[in-house]
file run.txt (compact mmCIF, C-alpha atoms and all ligand atoms)
# COMPACT_ATOMS: atom_id res chain seq x y z
CA MET O 1 -90.07 -49.91 31.58
CA THR O 2 -91.14 -49.86 35.26
CA ALA O 3 -89.90 -47.26 37.75
CA GLU O 4 -87.69 -49.90 39.44
CA THR O 5 -85.93 -51.27 36.36
CA PRO O 6 -82.74 -49.37 35.60
CA ASP O 7 -82.21 -48.30 32.00
CA PRO O 8 -79.63 -50.75 30.60
CA LEU O 9 -77.77 -48.18 28.49
CA LEU O 10 -77.63 -45.72 31.36
CA LEU O 11 -76.46 -48.45 33.71
CA ALA O 12 -73.72 -49.45 31.26
CA ALA O 13 -72.56 -45.81 31.14
CA LEU O 14 -72.59 -45.60 34.95
CA ALA O 15 -70.48 -48.77 35.15
CA THR O 16 -67.59 -46.68 33.82
CA VAL O 17 -67.69 -44.49 36.95
CA GLN O 18 -65.40 -45.63 39.74
CA ASP O 19 -65.68 -44.71 43.38
CA PRO O 20 -62.52 -42.60 43.81
CA GLU O 21 -61.61 -44.28 47.09
CA LEU O 22 -62.66 -47.87 46.53
CA ARG O 23 -61.55 -47.84 42.87
CA ARG O 24 -64.40 -50.08 41.76
CA PRO O 25 -67.36 -49.27 39.48
CA ILE O 26 -70.15 -47.65 41.46
CA THR O 27 -72.59 -50.10 39.90
CA GLU O 28 -70.67 -53.02 41.46
CA LEU O 29 -70.58 -51.35 44.86
CA GLY O 30 -74.34 -51.03 45.13
CA MET O 31 -74.06 -47.23 44.94
CA VAL O 32 -76.60 -46.78 42.11
CA GLU O 33 -80.06 -46.98 43.65
CA SER O 34 -81.95 -45.98 40.52
CA ALA O 35 -81.05 -45.08 36.94
CA ARG O 36 -83.90 -44.10 34.64
CA ILE O 37 -84.39 -42.05 31.50
CA ILE O 38 -87.62 -40.08 31.47
CA GLY O 39 -88.11 -38.27 28.15
CA SER O 40 -84.56 -37.17 27.50
CA VAL O 41 -83.67 -36.64 31.16
CA ALA O 42 -81.44 -39.15 32.94
CA ARG O 43 -82.39 -39.44 36.60
CA VAL O 44 -79.80 -41.16 38.74
CA LYS O 45 -79.88 -41.74 42.46
CA VAL O 46 -76.46 -42.42 43.94
CA LEU O 47 -75.91 -43.75 47.45
CA LEU O 48 -72.70 -42.61 49.10
CA THR O 49 -71.01 -44.83 51.67
CA ILE O 50 -71.52 -42.09 54.25
CA ALA O 51 -73.52 -38.86 53.97
CA ALA O 52 -70.45 -36.68 54.63
CA CYS O 53 -68.34 -38.35 51.92
CA PRO O 54 -65.57 -35.84 51.06
CA LEU O 55 -65.60 -36.92 47.42
CA ARG O 56 -69.32 -36.27 46.92
CA SER O 57 -68.84 -33.57 44.27
CA THR O 58 -66.34 -35.72 42.31
CA ILE O 59 -68.79 -38.61 42.22
CA VAL O 60 -71.69 -36.34 41.13
CA ALA O 61 -69.53 -34.81 38.37
CA ASP O 62 -68.39 -38.25 37.14
CA VAL O 63 -71.97 -39.61 37.16
CA THR O 64 -73.23 -36.58 35.24
CA ALA O 65 -70.47 -36.89 32.65
CA ALA O 66 -71.05 -40.63 32.19
CA ALA O 67 -74.86 -40.33 31.93
CA SER O 68 -74.48 -37.54 29.34
CA THR O 69 -72.75 -39.98 26.98
CA VAL O 70 -75.99 -41.98 26.52
CA PRO O 71 -77.39 -40.93 23.10
CA ALA O 72 -81.01 -40.45 24.30
CA VAL O 73 -79.96 -38.17 27.16
CA ASP O 74 -80.10 -34.35 26.96
CA SER O 75 -79.79 -33.56 30.63
CA VAL O 76 -78.89 -35.33 33.85
CA GLN O 77 -80.34 -35.05 37.34
CA VAL O 78 -78.35 -36.65 40.12
CA GLU O 79 -79.91 -37.23 43.51
CA VAL O 80 -77.51 -38.12 46.31
CA GLY O 81 -78.36 -40.26 49.32
CA ALA O 82 -76.43 -42.31 51.87
CA MET O 83 -76.29 -46.07 52.34
CA SER O 84 -78.21 -47.68 55.20
CA PRO O 85 -76.17 -49.62 57.80
CA GLN O 86 -77.43 -52.81 56.12
CA GLN O 87 -76.23 -51.66 52.68
CA ARG O 88 -72.84 -50.70 54.14
CA ALA O 89 -72.52 -54.13 55.76
CA THR O 90 -73.16 -55.75 52.37
CA LEU O 91 -70.57 -53.49 50.75
CA ARG O 92 -68.01 -54.32 53.44
CA ALA O 93 -68.62 -58.05 53.16
CA GLY O 94 -68.13 -57.87 49.38
CA LEU O 95 -64.90 -55.87 49.71
CA LYS O 96 -63.43 -58.11 52.41
CA HIS O 97 -64.09 -61.10 50.25
CA ARG O 98 -62.25 -59.58 47.29
CA SER O 99 -59.37 -57.76 48.96
CA VAL O 100 -55.94 -59.37 49.04
CA PRO O 101 -54.62 -60.02 52.55
CA PHE O 102 -51.01 -58.85 52.21
CA GLY O 103 -49.69 -61.30 54.76
CA ASP O 104 -51.00 -64.40 52.95
CA PRO O 105 -48.32 -66.56 51.34
CA GLY O 106 -50.42 -66.52 48.15
CA SER O 107 -50.72 -62.70 48.07
CA LEU O 108 -49.74 -61.22 44.73
CA THR O 109 -48.95 -57.84 46.26
CA ARG O 110 -45.26 -57.12 46.49
CA VAL O 111 -44.56 -55.60 49.92
CA ILE O 112 -41.40 -53.48 50.12
CA ALA O 113 -40.30 -52.17 53.51
CA VAL O 114 -38.02 -49.15 53.14
CA ALA O 115 -35.45 -49.10 55.95
CA SER O 116 -32.48 -47.02 57.05
CA GLY O 117 -30.03 -47.11 59.91
CA LYS O 118 -30.54 -43.52 60.99
CA GLY O 119 -32.94 -40.67 60.37
CA GLY O 120 -32.60 -37.94 57.80
CA VAL O 121 -31.07 -40.04 55.00
CA GLY O 122 -34.11 -39.53 52.75
CA LYS O 123 -36.00 -42.77 53.42
CA SER O 124 -39.43 -41.12 53.47
CA SER O 125 -38.70 -38.89 50.47
CA LEU O 126 -37.61 -41.92 48.47
CA THR O 127 -40.63 -43.98 49.58
CA ALA O 128 -42.98 -41.24 48.34
CA ASN O 129 -41.10 -40.79 45.06
CA LEU O 130 -40.77 -44.52 44.33
CA ALA O 131 -44.51 -44.93 44.94
CA CYS O 132 -45.39 -42.04 42.61
CA ALA O 133 -43.04 -43.34 39.92
CA MET O 134 -44.62 -46.81 40.08
CA ALA O 135 -48.17 -45.38 40.05
CA ALA O 136 -47.27 -43.19 37.04
CA ASP O 137 -46.25 -46.42 35.28
CA GLY O 138 -49.75 -47.79 35.84
CA LEU O 139 -49.17 -49.94 38.92
CA ARG O 140 -51.66 -50.00 41.79
CA VAL O 141 -49.61 -48.70 44.69
CA GLY O 142 -50.16 -48.10 48.39
CA ILE O 143 -47.98 -46.66 51.16
CA ILE O 144 -48.19 -47.40 54.86
CA ASP O 145 -46.33 -44.74 56.79
CA ALA O 146 -45.07 -46.99 59.57
CA ASP O 147 -42.62 -44.31 60.76
CA VAL O 148 -44.99 -43.68 63.65
CA HIS O 149 -42.66 -41.38 65.57
CA GLY O 150 -41.62 -39.28 62.59
CA PHE O 151 -44.53 -39.62 60.14
CA SER O 152 -43.91 -37.40 57.16
CA ILE O 153 -45.54 -39.20 54.22
CA PRO O 154 -48.83 -37.20 54.22
CA GLY O 155 -46.88 -33.93 53.86
CA LEU O 156 -44.56 -35.36 51.20
CA MET O 157 -47.59 -36.55 49.20
CA GLY O 158 -49.55 -33.31 49.75
CA ILE O 159 -52.36 -35.01 51.66
CA THR O 160 -54.50 -32.97 54.01
CA GLN O 161 -57.63 -35.08 53.65
CA ALA O 162 -58.46 -37.48 56.49
CA PRO O 163 -59.25 -41.10 55.72
CA THR O 164 -62.95 -41.90 55.27
CA ARG O 165 -64.40 -44.33 57.76
CA VAL O 166 -67.16 -46.75 56.79
CA ASP O 167 -68.01 -48.18 60.19
CA GLU O 168 -64.81 -50.02 61.23
CA MET O 169 -63.35 -49.99 57.72
CA ILE O 170 -60.93 -47.18 56.81
CA LEU O 171 -60.61 -45.91 53.23
CA PRO O 172 -57.15 -44.40 52.62
CA PRO O 173 -56.85 -41.04 50.87
CA VAL O 174 -55.41 -41.19 47.35
CA ALA O 175 -52.70 -38.76 46.21
CA HIS O 176 -50.92 -38.84 42.83
CA GLY O 177 -52.58 -42.22 42.23
CA VAL O 178 -51.18 -43.71 45.46
CA LYS O 179 -53.30 -44.87 48.41
CA VAL O 180 -51.74 -43.63 51.62
CA ILE O 181 -52.30 -44.33 55.28
CA SER O 182 -50.31 -42.79 58.11
CA ILE O 183 -50.57 -42.54 61.85
CA GLY O 184 -50.26 -38.80 61.18
CA MET O 185 -53.84 -38.91 59.86
CA PHE O 186 -55.12 -39.99 63.26
CA VAL O 187 -53.39 -37.54 65.57
CA LYS O 188 -54.34 -33.91 66.04
CA GLY O 189 -51.78 -31.29 65.00
CA ASN O 190 -48.10 -32.11 65.43
CA VAL O 191 -48.48 -34.10 68.65
CA PRO O 192 -45.61 -36.56 69.14
CA VAL O 193 -46.62 -40.22 69.24
CA ILE O 194 -45.17 -41.87 72.34
CA TRP O 195 -46.19 -45.46 71.80
CA ARG O 196 -44.17 -48.46 72.76
CA GLY O 197 -43.74 -51.87 71.13
CA PRO O 198 -47.13 -53.57 71.65
CA MET O 199 -49.07 -50.44 70.63
CA LEU O 200 -46.94 -50.01 67.53
CA HIS O 201 -47.56 -53.62 66.62
CA ARG O 202 -51.31 -53.15 67.05
CA ALA O 203 -51.29 -49.93 65.00
CA LEU O 204 -49.55 -51.69 62.13
CA GLU O 205 -51.84 -54.69 62.43
CA GLN O 206 -54.87 -52.40 62.32
CA PHE O 207 -53.54 -50.64 59.22
CA LEU O 208 -53.15 -54.02 57.54
CA THR O 209 -56.58 -55.33 58.47
CA ASP O 210 -58.92 -52.34 58.70
CA VAL O 211 -57.58 -50.16 55.90
CA HIS O 212 -59.16 -51.11 52.61
CA PHE O 213 -56.38 -50.80 50.02
CA GLY O 214 -58.11 -53.06 47.52
CA ASP O 215 -55.91 -55.09 45.22
CA LEU O 216 -52.42 -53.61 45.04
CA ASP O 217 -49.43 -54.45 42.89
CA VAL O 218 -47.00 -52.88 45.35
CA LEU O 219 -47.32 -51.84 48.99
CA LEU O 220 -44.46 -49.68 50.30
CA LEU O 221 -43.85 -49.37 54.01
CA ASP O 222 -41.90 -46.41 55.32
CA LEU O 223 -40.22 -47.89 58.40
CA PRO O 224 -38.87 -45.85 61.30
CA PRO O 225 -35.06 -45.52 61.21
CA GLY O 226 -33.08 -48.23 62.97
CA THR O 227 -33.89 -51.77 63.99
CA GLY O 228 -36.83 -51.12 66.30
CA ASP O 229 -39.99 -52.96 67.19
CA ILE O 230 -41.82 -52.00 64.02
CA ALA O 231 -39.25 -53.72 61.81
CA ILE O 232 -39.82 -56.94 63.78
CA SER O 233 -43.61 -56.51 63.58
CA VAL O 234 -43.40 -56.05 59.82
CA ALA O 235 -41.46 -59.28 59.52
CA GLN O 236 -44.02 -61.11 61.68
CA LEU O 237 -47.15 -59.67 60.08
CA LEU O 238 -45.82 -59.65 56.52
CA PRO O 239 -43.36 -62.54 56.26
CA GLY O 240 -43.19 -62.14 52.48
CA SER O 241 -42.11 -58.50 52.71
CA GLU O 242 -38.75 -57.48 51.26
CA LEU O 243 -36.35 -54.82 52.50
CA LEU O 244 -34.91 -51.87 50.61
CA VAL O 245 -32.12 -50.20 52.56
CA ILE O 246 -31.33 -46.50 52.17
CA THR O 247 -28.02 -44.93 53.16
CA THR O 248 -25.95 -41.85 52.44
CA PRO O 249 -22.40 -42.14 51.04
CA GLN O 250 -20.99 -41.59 54.52
CA SER O 251 -19.14 -44.63 55.84
CA ALA O 252 -20.58 -44.19 59.34
CA ALA O 253 -24.14 -44.08 57.93
CA ALA O 254 -23.50 -47.26 55.94
CA GLN O 255 -22.30 -49.04 59.07
CA VAL O 256 -25.46 -48.11 60.97
CA ALA O 257 -27.61 -49.07 57.99
CA GLU O 258 -25.97 -52.50 57.96
CA ARG O 259 -27.66 -53.25 61.28
CA ALA O 260 -31.07 -52.35 59.81
CA GLY O 261 -30.43 -54.54 56.78
CA SER O 262 -28.98 -57.49 58.64
CA ILE O 263 -32.22 -57.84 60.60
CA ALA O 264 -33.20 -59.84 57.51
CA ALA O 265 -30.77 -62.55 58.59
CA GLN O 266 -32.97 -63.19 61.61
CA THR O 267 -36.37 -62.70 60.03
CA GLY O 268 -35.72 -64.55 56.78
CA GLN O 269 -36.78 -61.50 54.74
CA LYS O 270 -35.13 -60.82 51.42
CA VAL O 271 -33.09 -57.64 50.93
CA LEU O 272 -33.93 -56.20 47.51
CA GLY O 273 -30.92 -53.94 47.48
CA VAL O 274 -29.32 -50.72 48.67
CA VAL O 275 -30.00 -47.18 47.48
CA GLU O 276 -27.46 -44.46 48.15
CA ASN O 277 -29.05 -41.03 48.57
CA MET O 278 -27.47 -37.56 48.67
CA SER O 279 -24.49 -38.97 46.72
CA TRP O 280 -23.25 -35.70 45.24
CA LEU O 281 -24.22 -32.10 44.60
CA GLN O 282 -23.94 -30.73 41.08
CA LEU O 283 -22.28 -27.29 41.26
CA PRO O 284 -23.14 -24.48 38.80
CA ASP O 285 -19.78 -24.99 37.02
CA GLY O 286 -20.73 -28.61 36.29
CA THR O 287 -18.39 -30.20 38.84
CA ARG O 288 -19.62 -32.57 41.51
CA MET O 289 -19.14 -31.98 45.20
CA GLU O 290 -19.50 -34.88 47.63
CA PRO O 291 -20.64 -33.32 50.92
CA PHE O 292 -21.15 -36.70 52.59
CA GLY O 293 -18.07 -38.43 51.20
CA SER O 294 -18.34 -41.39 48.89
CA GLY O 295 -18.62 -45.15 48.79
CA GLY O 296 -21.21 -45.71 51.56
CA GLY O 297 -23.69 -47.44 49.23
CA ALA O 298 -21.10 -49.81 47.77
CA GLU O 299 -19.71 -50.50 51.23
CA LEU O 300 -23.17 -51.32 52.58
CA SER O 301 -24.04 -53.61 49.70
CA ALA O 302 -20.74 -55.51 50.15
CA ARG O 303 -21.25 -55.82 53.92
CA LEU O 304 -24.85 -57.02 53.58
CA SER O 305 -23.88 -59.49 50.87
CA THR O 306 -21.33 -61.01 53.28
CA THR O 307 -23.65 -61.00 56.30
CA LEU O 308 -26.64 -62.43 54.43
CA GLY O 309 -24.70 -64.82 52.23
CA THR O 310 -26.44 -63.63 49.08
CA GLU O 311 -25.75 -60.78 46.67
CA VAL O 312 -27.28 -57.48 47.79
CA ARG O 313 -26.84 -55.01 44.96
CA LEU O 314 -26.43 -51.25 44.99
CA LEU O 315 -29.51 -50.34 42.95
CA GLY O 316 -28.71 -46.69 42.37
CA SER O 317 -27.22 -43.41 43.62
CA ILE O 318 -29.34 -40.30 43.89
CA ALA O 319 -27.92 -36.78 43.78
CA LEU O 320 -28.47 -34.22 46.48
CA ASP O 321 -30.79 -31.83 44.65
CA PRO O 322 -32.76 -28.90 46.08
CA VAL O 323 -35.70 -29.68 43.74
CA LEU O 324 -36.15 -33.00 45.57
CA ARG O 325 -36.43 -31.18 48.89
CA GLU O 326 -38.76 -28.56 47.40
CA GLY O 327 -40.98 -31.30 45.96
CA GLY O 328 -41.26 -32.81 49.42
CA ASP O 329 -42.11 -29.46 50.99
CA SER O 330 -44.81 -28.71 48.41
CA GLY O 331 -46.36 -32.20 48.37
CA LEU O 332 -45.51 -32.77 44.70
CA PRO O 333 -42.75 -35.41 44.61
CA VAL O 334 -39.87 -34.56 42.28
CA VAL O 335 -40.56 -37.50 39.93
CA LEU O 336 -43.82 -35.73 39.06
CA GLY O 337 -42.87 -32.07 39.53
CA HIS O 338 -39.42 -32.13 37.89
CA PRO O 339 -39.25 -35.43 36.00
CA GLN O 340 -36.27 -34.20 33.98
CA ALA O 341 -34.07 -33.66 37.07
CA PRO O 342 -31.29 -36.31 37.26
CA ALA O 343 -32.41 -37.26 40.80
CA ALA O 344 -35.96 -37.87 39.52
CA GLN O 345 -34.73 -39.93 36.58
CA GLU O 346 -32.58 -42.09 38.82
CA ILE O 347 -35.54 -42.73 41.17
CA VAL O 348 -37.74 -43.70 38.20
CA ARG O 349 -35.03 -46.07 36.98
CA ILE O 350 -34.80 -47.69 40.43
CA ALA O 351 -38.62 -47.92 40.70
CA ARG O 352 -38.84 -49.67 37.33
CA GLY O 353 -36.11 -52.12 38.33
CA LEU O 354 -37.93 -52.93 41.57
CA ALA O 355 -41.29 -53.37 39.85
CA ARG O 356 -39.79 -55.62 37.17
CA ARG O 357 -38.16 -58.07 39.56
CA PRO O 358 -40.26 -61.20 39.71
CA ARG O 359 -41.44 -62.29 43.12
CA GLY O 360 -39.85 -65.53 44.08
CA LEU O 361 -37.64 -67.42 46.40
CA SER O 362 -34.29 -66.49 44.82
CA GLY O 363 -32.06 -64.74 47.32
CA LEU O 364 -34.10 -66.02 50.25
CA LYS O 365 -32.48 -68.19 52.86
CA LEU O 366 -34.77 -71.15 53.14
CA PRO O 367 -35.04 -72.96 56.47
CA VAL O 368 -33.35 -76.33 56.10
CA THR O 369 -34.93 -79.18 58.01
CA PRO O 370 -32.50 -81.99 58.84
CA VAL O 371 -33.66 -85.35 57.54
N1 LIG Q 401 -31.61 -36.35 47.37
C1 LIG Q 401 -31.99 -35.33 48.14
N2 LIG Q 401 -31.71 -34.06 47.77
C2 LIG Q 401 -32.09 -33.01 48.54
N3 LIG Q 401 -32.75 -33.12 49.69
C3 LIG Q 401 -33.05 -34.35 50.12
C4 LIG Q 401 -32.70 -35.52 49.36
N4 LIG Q 401 -33.18 -36.60 50.03
C5 LIG Q 401 -33.80 -36.14 51.14
N5 LIG Q 401 -33.73 -34.79 51.19
C6 LIG Q 401 -34.21 -33.91 52.27
O1 LIG Q 401 -33.60 -34.38 53.49
C7 LIG Q 401 -34.49 -34.30 54.57
C8 LIG Q 401 -34.66 -35.66 55.20
O2 LIG Q 401 -35.33 -36.51 54.28
P1 LIG Q 401 -36.43 -37.56 54.75
O3 LIG Q 401 -37.37 -36.96 55.73
O4 LIG Q 401 -36.97 -38.18 53.54
O5 LIG Q 401 -35.48 -38.57 55.53
P2 LIG Q 401 -35.83 -39.82 56.43
O6 LIG Q 401 -34.67 -40.73 56.29
O7 LIG Q 401 -37.16 -40.34 56.10
O8 LIG Q 401 -35.85 -39.20 57.85
P3 LIG Q 401 -36.69 -39.69 59.13
O9 LIG Q 401 -36.57 -41.17 59.19
O10 LIG Q 401 -36.02 -38.98 60.24
O11 LIG Q 401 -38.11 -39.27 58.86
C9 LIG Q 401 -35.77 -33.73 54.00
O12 LIG Q 401 -35.77 -32.35 54.22
C10 LIG Q 401 -35.69 -34.02 52.51
O13 LIG Q 401 -36.39 -33.08 51.73
call {"tool": "encode", "arguments": {"input": "run.txt", "output": "structure tokens"}}
result
Amino acid sequence: MTAETPDPLLLAALATVQDPELRRPITELGMVESARIIGSVARVKVLLTIAACPLRSTIVADVTAAASTVPAVDSVQVEVGAMSPQQRATLRAGLKHRSVPFGDPGSLTRVIAVASGKGGVGKSSLTANLACAMAADGLRVGIIDADVHGFSIPGLMGITQAPTRVDEMILPPVAHGVKVISIGMFVKGNVPVIWRGPMLHRALEQFLTDVHFGDLDVLLLDLPPGTGDIAISVAQLLPGSELLVITTPQSAAAQVAERAGSIAAQTGQKVLGVVENMSWLQLPDGTRMEPFGSGGGAELSARLSTTLGTEVRLLGSIALDPVLREGGDSGLPVVLGHPQAPAAQEIVRIARGLARRPRGLSGLKLPVTPV
């Protein structure tokens, strides 16, 4: 065997190693420069996308473990280098070719925009938990935190790592199996974002084009509360996206949420359903207290059904539970940290229902052209 020819058994073992960010075998990504076995020593040279790759040690550990499985190998030496600009351009071209553009009518990724009428109803907490529940079920899931003024997804998912940039391509950090991108990852400290419509539109557009999510089953968008510019941009950039509307049981909250949901009447988007959050608090004696009243979710689903002319179901009601708040504060969503909690089980049930629904035209108002 010449110095240039990789050892086929070693290469086959290395094909089981995935780049943690790109989620593709490192052999397919052009990251294995050489793979030889000399005596009983496996010598592998790995090229990282950039020299300062934050996941360097993970990749080295995975390569070492994979190479060790080859029967002839007693020890493994991993040399790490960085790709040349030319190699990165080839990688980018290959990824662009294979990634699914979420806005395409033929895209197989289900895009769910999570909306609410007002802030503080638990929209971001539910987005994070629904995503984790779907990922735990084996789906490939991404979140775009489009709540640019009140971005909270990185904290809820426990992400402190910045996205990796490969030239103009952005690789989103992965937490609990979910790929996440947020404007919060691009601002220093807790600086408020004071962008207006056109900038918000461009930020969302950039997330959708420059962030490499790879092939996703579900992309969740955490929208800002209300019926602002971003909701319109989402409808324009992702015409196939569907809305999930969150409310509390309070009648006033449901009325405000109706405005967020009825935006679908203008954009032609489908409303997947309503989720009522903070429905009740379980007291130590087993009784239920309803701090925010009751009936808001049912009221909202009835109102939206009338406005949109199609059934909009109440998909579930989630209890007010301190463990849900604690999970958000610690970056370990309750569906993973306390899966036995009733609130977690209800979120998992809702997530499974959403994931099961086939994509299609049912429930959509189709434009009718007069003949
Ligand atoms: N079911 C629940 N039980 C207990 N606490 C909850 C529940 N849902 C949300 N919370 C808490 O309520 C607060 C508001 O939730 P969250 O930030 O998810 O709301 P939001 O609708 O996304 O708000 P905004 O749009 O203003 O960001 C958070 O502190 C969160 O931990």
call {"tool": "residues_around", "arguments": {"input": "run.txt", "residues": "O:Val245", "least_positions_apart": "6", "cutoff": "6 Å", "atoms": "all atoms listed in the file", "output": "compact mmCIF listing (two decimals) with C-alpha atoms, in the frame of the given file"}}
result
# COMPACT_ATOMS: atom_id res chain seq x y z
CA ALA O 115 -35.45 -49.10 55.95
CA SER O 116 -32.48 -47.02 57.05
CA VAL O 274 -29.32 -50.72 48.67
call {"tool": "closest_atom_pairs", "arguments": {"input": "run.txt", "of": "chain O", "to": "ligand LIG 401 (chain Q)", "cutoff": "6 Å", "atoms": "all atoms listed in the file", "output": "tab-separated table"}}
result
residue	atom	partner	partner_atom	distance
O:Gly119	CA	Q:LIG401	O10	3.5
O:Gly120	CA	Q:LIG401	O8	3.5
O:Val121	CA	Q:LIG401	O6	3.9
O:Gly122	CA	Q:LIG401	O5	3.2
O:Lys123	CA	Q:LIG401	O6	3.8
O:Ser124	CA	Q:LIG401	O7	3.6
O:Ser125	CA	Q:LIG401	O4	3.6
O:Gly150	CA	Q:LIG401	O11	5.1
O:Pro224	CA	Q:LIG401	O9	5.6
O:Pro225	CA	Q:LIG401	O9	5.0
O:Asn277	CA	Q:LIG401	N1	5.5
O:Met278	CA	Q:LIG401	N1	4.5
O:Ile318	CA	Q:LIG401	N1	5.7
O:Ala319	CA	Q:LIG401	N1	5.2
O:Leu320	CA	Q:LIG401	N2	3.5
O:Asp321	CA	Q:LIG401	N2	3.9
O:Pro322	CA	Q:LIG401	C2	4.8
O:Leu324	CA	Q:LIG401	C2	5.0
O:Arg325	CA	Q:LIG401	O13	3.4
O:Gly328	CA	Q:LIG401	O13	5.4
call {"tool": "closest_residue", "arguments": {"input": "run.txt", "among": "O:Glu79, O:Glu33, O:Asp137, O:Glu28", "to": "O:Val335", "atoms": "only C-alpha atoms"}}
result
O:Asp137
call {"tool": "residues_around", "arguments": {"input": "run.txt", "residues": "stretch 252-264 of chain O", "least_positions_apart": "3", "cutoff": "6 Å", "atoms": "only C-alpha atoms", "output": "ChimeraX atom specification"}}
result
/O:116-117,226-227,247,267-269,296,300
call {"tool": "closest_residue", "arguments": {"input": "run.txt", "among": "O:Ile159, O:Leu238, O:Val73, O:Ala13", "to": "O:Pro333", "atoms": "only C-alpha atoms"}}
result
O:Ile159
call {"tool": "closest_residue", "arguments": {"input": "run.txt", "among": "O:Leu237, O:Leu244, O:Leu11, O:Val114", "to": "O:Ala42", "atoms": "all atoms listed in the file"}}
result
O:Leu11
call {"tool": "residues_near_point", "arguments": {"input": "run.txt", "point": "(-71.7, -39.6, 42.7)", "cutoff": "8 Å", "atoms": "all atoms listed in the file", "output": "PyMOL selection string"}}
result
chain O and resi 19+46-48+56-63+78+80
call {"tool": "residues_around", "arguments": {"input": "run.txt", "residues": "O:Val218", "least_positions_apart": "2", "cutoff": "8 Å", "atoms": "only C-alpha atoms", "output": "list in words"}}
result
Thr109, Arg110, Val111, Ile112, Leu139, Arg140, Val141, Gly142, Leu216, Leu220 and Ala355 of chain O
call {"tool": "closest_residue", "arguments": {"input": "run.txt", "among": "O:Thr49, O:Thr90, O:Ser75, O:Ser84", "to": "O:Ile37", "atoms": "all atoms listed in the file"}}
result
O:Ser75
call {"tool": "atom_distance", "arguments": {"input": "run.txt", "atom1": "atom CA of O:His149", "atom2": "atom CA of O:Leu204"}}
result
12.9 Å
call {"tool": "closest_residue", "arguments": {"input": "run.txt", "among": "O:Asp145, O:Glu311, O:Asp167, O:Glu290", "to": "O:Leu219", "atoms": "all atoms listed in the file"}}
result
O:Asp145
call {"tool": "atom_distance", "arguments": {"input": "run.txt", "atom1": "atom CA of O:Gln345", "atom2": "atom CA of O:Ala133"}}
result
9.6 Å
call {"tool": "closest_residue", "arguments": {"input": "run.txt", "among": "O:Arg202, O:Cys132, O:Ser305, O:Leu223", "to": "O:Pro339", "atoms": "all atoms listed in the file"}}
result
O:Cys132
